[in-house]
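Q: Could you have a look at this structure, given as structure tokens, before my questions?
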Amino acid sequence: MKTGEPTATQDQLRSISWWASVLFGVLVGTTLTWIRTQRNFFFLGAVILAVVIVTIGVRTIRRRARFPQMAQARTSWIYALWTAILLILAGPIQLVYVADDLSELTIKSLVMSAGFALGIHEVDRALVNASKKGSAAA
């Protein structure tokens with residue numbers, strides 16, 4: 001078998017499930033909120049973020065090995081929009097709005113978690129749809 005050959009059928013290519021995107025979204029949103037304001041949470045937060053990044057990275061590598069068309073998919077404006085939203089949540093929102101008390105931390109954590117959960121799911125869904133559309137045209 002060649003490296004570029006798919007090891008699974010096109011019908012098996014699915015986007016991330018909602019429970020997985022909610023899990024990653026809650027982990028990232030809560031961690032980013034608390035890591036910025038709580039010194040004692042810094043090392044634990046760094047470990048949580050590292051585990052999430054490695055998990056998503058390994059999953060992406062494994063999916064692209066099974067579905068090489070994912071690496072050649074043309075991304076749409078929807079993919080670019082959701083990616084920009086994720087970048088804004090991870091960057092400027094963290095710098096502009098620093099929560100002080102527990103109620104503000106809770107609200108920011110919930111908003112960030114919901115944003116990341118929806119963003120992660122939609123970015124992956126847009127990539128999978130582009131991959132399916134690209135391989136159907138070929």
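Identifiers for the structure tokens are assigned positionally: chains receive A, B, ... in sequence, residues are indexed from 1 per chain, and ligands are indexed from 1 in the order shown.
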Write out as an MDAnalysis selection string which residues come within 10 Å of range 90-102 of chain A when counting only C-alpha atoms, dropping same-chain ones fewer than 6 positions away.
A: chainID A and resid 28:29 32:34 36:38 84 108:109 112 116
Q: Take the residues from that selection and write them out as a PDB file, in the first residue's frame, keeping N, CA, C and O atoms.
A:
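So the final result, stored in result_7.pdb, reads:
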ATOM      1  N   VAL A  28     -10.454  23.529  27.353  1.00  0.00           N
ATOM      2  CA  VAL A  28      -9.696  24.683  26.860  1.00  0.00           C
ATOM      3  C   VAL A  28     -10.265  25.987  27.407  1.00  0.00           C
ATOM      4  O   VAL A  28      -9.516  26.851  27.888  1.00  0.00           O
ATOM      5  N   GLY A  29     -11.576  26.147  27.349  1.00  0.00           N
ATOM      6  CA  GLY A  29     -12.191  27.391  27.812  1.00  0.00           C
ATOM      7  C   GLY A  29     -11.954  27.652  29.293  1.00  0.00           C
ATOM      8  O   GLY A  29     -11.573  28.755  29.691  1.00  0.00           O
ATOM      9  N   LEU A  32      -8.049  28.216  29.921  1.00  0.00           N
ATOM     10  CA  LEU A  32      -7.568  29.535  29.498  1.00  0.00           C
ATOM     11  C   LEU A  32      -8.088  30.639  30.417  1.00  0.00           C
ATOM     12  O   LEU A  32      -7.394  31.622  30.664  1.00  0.00           O
ATOM     13  N   THR A  33      -9.294  30.479  30.916  1.00  0.00           N
ATOM     14  CA  THR A  33      -9.845  31.478  31.825  1.00  0.00           C
ATOM     15  C   THR A  33      -9.090  31.495  33.149  1.00  0.00           C
ATOM     16  O   THR A  33      -8.684  32.550  33.639  1.00  0.00           O
ATOM     17  N   TRP A  34      -8.882  30.335  33.720  1.00  0.00           N
ATOM     18  CA  TRP A  34      -8.268  30.260  35.046  1.00  0.00           C
ATOM     19  C   TRP A  34      -6.756  30.413  35.023  1.00  0.00           C
ATOM     20  O   TRP A  34      -6.163  30.892  35.989  1.00  0.00           O
ATOM     21  N   ARG A  36      -5.028  32.441  33.338  1.00  0.00           N
ATOM     22  CA  ARG A  36      -4.676  33.868  33.251  1.00  0.00           C
ATOM     23  C   ARG A  36      -4.807  34.574  34.599  1.00  0.00           C
ATOM     24  O   ARG A  36      -4.160  35.573  34.837  1.00  0.00           O
ATOM     25  N   THR A  37      -5.648  34.063  35.484  1.00  0.00           N
ATOM     26  CA  THR A  37      -5.936  34.790  36.725  1.00  0.00           C
ATOM     27  C   THR A  37      -5.435  34.104  37.992  1.00  0.00           C
ATOM     28  O   THR A  37      -5.262  34.763  39.006  1.00  0.00           O
ATOM     29  N   GLN A  38      -5.209  32.819  37.946  1.00  0.00           N
ATOM     30  CA  GLN A  38      -4.819  32.073  39.150  1.00  0.00           C
ATOM     31  C   GLN A  38      -3.389  31.551  39.016  1.00  0.00           C
ATOM     32  O   GLN A  38      -3.121  30.693  38.188  1.00  0.00           O
ATOM     33  N   ALA A  84     -10.941  31.896  12.677  1.00  0.00           N
ATOM     34  CA  ALA A  84     -10.723  33.254  13.193  1.00  0.00           C
ATOM     35  C   ALA A  84     -11.408  33.438  14.550  1.00  0.00           C
ATOM     36  O   ALA A  84     -10.843  34.063  15.456  1.00  0.00           O
ATOM     37  N   LYS A 108     -17.089  34.021  32.347  1.00  0.00           N
ATOM     38  CA  LYS A 108     -16.097  33.988  31.269  1.00  0.00           C
ATOM     39  C   LYS A 108     -15.761  32.548  30.905  1.00  0.00           C
ATOM     40  O   LYS A 108     -15.628  32.211  29.728  1.00  0.00           O
ATOM     41  N   SER A 109     -15.652  31.686  31.894  1.00  0.00           N
ATOM     42  CA  SER A 109     -15.346  30.286  31.656  1.00  0.00           C
ATOM     43  C   SER A 109     -16.449  29.608  30.852  1.00  0.00           C
ATOM     44  O   SER A 109     -16.172  28.847  29.920  1.00  0.00           O
ATOM     45  N   MET A 112     -16.358  31.076  27.235  1.00  0.00           N
ATOM     46  CA  MET A 112     -15.189  30.551  26.512  1.00  0.00           C
ATOM     47  C   MET A 112     -15.382  29.069  26.174  1.00  0.00           C
ATOM     48  O   MET A 112     -15.072  28.637  25.064  1.00  0.00           O
ATOM     49  N   PHE A 116     -15.443  27.660  22.409  1.00  0.00           N
ATOM     50  CA  PHE A 116     -14.471  26.672  21.932  1.00  0.00           C
ATOM     51  C   PHE A 116     -15.155  25.379  21.501  1.00  0.00           C
ATOM     52  O   PHE A 116     -14.767  24.778  20.496  1.00  0.00           O
TER      53      PHE A 116
END
Q: Can you tell me, as JSON, numbers by chain, which residues in chain A count as alpha helix (DSSP H) by DSSP?
A: {"A": [18, 19, 20, 21, 22, 23, 24, 25, 26, 27, 28, 29, 30, 31, 32, 33, 34, 35, 36, 37, 42, 43, 44, 45, 46, 47, 48, 49, 50, 51, 52, 53, 54, 55, 56, 57, 58, 59, 60, 61, 62, 63, 64, 65, 66, 77, 78, 79, 80, 81, 82, 83, 84, 85, 86, 87, 88, 89, 90, 92, 93, 94, 95, 96, 102, 103, 104, 105, 106, 107, 108, 109, 110, 111, 112, 113, 114, 115, 116, 117, 118, 119, 120, 121, 122, 123, 124, 125, 126, 127, 128, 129, 130, 131, 132, 133, 134, 135, 136, 137]}
Q: Please tabulate, as CSV, the residues of range 5-98 of chain A that come within 6 Å of range 118-124 of chain A, each with its closest pair of atoms and the distance in Å to one decimal, counting only C-alpha atoms and ordering rows by chain, then residue number upward.
A:
residue,atom,partner,partner_atom,distance
A:Ser15,CA,A:Asp124,CA,5.7
A:Ser21,CA,A:His121,CA,5.6
A:Tyr79,CA,A:Val123,CA,5.4
A:Trp82,CA,A:Gly119,CA,5.7
